[in-house]
Amino acid sequence: MLKLRLGDFRIDIDMDRALIERLKVWNCVAKTPPIFVMAAALTLSPLPAYAHHSGAMFDMAHQITLTGVVTKVEWTNPHTFMYLNVKNDKGAVEEWAIEINSPNFLRHNGWTSSTVSAGDTITCTGAPAKSGSRFMHGMTVELSNGVQLRS
């Protein structure tokens, strides 16, 4: 039984205990200042992960430039990968994996999924892996026609 008093009036309402508890909780929420409600909403809302990747594996201070023939392009999220056959100092062919930005980023910088295809000769400048493996983070790509694209 819920008993309410409004001024000189008394009201008796027959309710179950669970409903009374819900009303008490709602009354508490209704009295919460709006700034706290907004703070809670912002705290609990999902936010994008801006720093989800680290560049620690790449030597960003010592960029290199590679020229080679594209063997494969993987136009996928979260990063696009290109594979190049590059001749080393001794003339032997080495395959390099080049990680570039997401397809969405690339599209905003003039790329399409067919900008670079297997068989194309390109020049890529970027940061090599600190481990010494044939892997790099590409920053710019120059196509065979001389067009330079940010990657």
# chains A, B, ... in the order shown; residues from 1 in each chain; ligands from 1
>>> residues_around(residues="region 83-87 of chain A", least_positions_apart="2", cutoff="8 Å", atoms="only C-alpha atoms", output="CSV table (one decimal) with N, CA and C atoms, in the first residue's frame")
chain,number,residue,atom,x,y,z
A,66,LEU,N,61.3,2.8,-52.3
A,66,LEU,CA,61.4,1.5,-53.0
A,66,LEU,C,60.7,1.7,-54.4
A,67,THR,N,61.3,1.1,-55.4
A,67,THR,CA,60.7,1.1,-56.7
A,67,THR,C,60.6,-0.4,-57.1
A,68,GLY,N,59.4,-0.8,-57.5
A,68,GLY,CA,59.2,-2.2,-57.9
A,68,GLY,C,57.9,-2.5,-58.6
A,69,VAL,N,57.7,-3.8,-58.9
A,69,VAL,CA,56.5,-4.2,-59.6
A,69,VAL,C,55.5,-4.8,-58.6
A,70,VAL,N,54.3,-4.3,-58.7
A,70,VAL,CA,53.2,-4.7,-57.8
A,70,VAL,C,52.9,-6.2,-58.1
A,71,THR,N,52.8,-7.0,-57.1
A,71,THR,CA,52.4,-8.4,-57.3
A,71,THR,C,51.0,-8.6,-56.8
A,72,LYS,N,50.6,-7.9,-55.8
A,72,LYS,CA,49.3,-8.1,-55.3
A,72,LYS,C,48.8,-6.8,-54.5
A,73,VAL,N,47.5,-6.5,-54.5
A,73,VAL,CA,47.0,-5.4,-53.8
A,73,VAL,C,45.8,-6.0,-53.0
A,81,PHE,N,47.0,-3.3,-48.2
A,81,PHE,CA,48.4,-3.8,-48.4
A,81,PHE,C,48.7,-3.9,-49.8
A,89,ASP,N,70.4,-4.5,-53.9
A,89,ASP,CA,71.7,-4.1,-54.4
A,89,ASP,C,72.5,-5.1,-55.2
A,90,LYS,N,72.2,-6.4,-55.0
A,90,LYS,CA,72.9,-7.5,-55.7
A,90,LYS,C,72.1,-7.9,-56.9
A,91,GLY,N,70.9,-7.3,-57.2
A,91,GLY,CA,70.1,-7.7,-58.3
A,91,GLY,C,69.1,-8.7,-58.1
A,92,ALA,N,69.1,-9.3,-56.8
A,92,ALA,CA,68.1,-10.3,-56.5
A,92,ALA,C,66.7,-9.6,-56.2
A,93,VAL,N,65.7,-10.3,-56.6
A,93,VAL,CA,64.3,-9.8,-56.3
A,93,VAL,C,63.9,-10.2,-54.9
A,94,GLU,N,63.4,-9.2,-54.2
A,94,GLU,CA,62.9,-9.4,-52.8
A,94,GLU,C,61.4,-8.9,-52.8
A,95,GLU,N,60.5,-9.6,-52.1
A,95,GLU,CA,59.2,-9.1,-52.0
A,95,GLU,C,59.0,-8.3,-50.7
A,96,TRP,N,58.5,-7.1,-50.9
A,96,TRP,CA,58.2,-6.2,-49.8
A,96,TRP,C,56.7,-6.1,-49.6
A,97,ALA,N,56.3,-6.1,-48.3
A,97,ALA,CA,54.9,-5.8,-48.0
A,97,ALA,C,54.8,-4.3,-47.5
A,98,ILE,N,53.9,-3.6,-48.1
A,98,ILE,CA,53.7,-2.2,-47.8
A,98,ILE,C,52.3,-2.0,-47.3
>>> atom_distance(atom1="CA of Ala127 (chain A)", atom2="CA of Phe58 (chain A)")
5.6 Å
>>> residues_around(residues="Ser102 (chain A)", least_positions_apart="4", cutoff="7 Å", atoms="only C-alpha atoms", output="ChimeraX atom specification")
/A:77-80,106
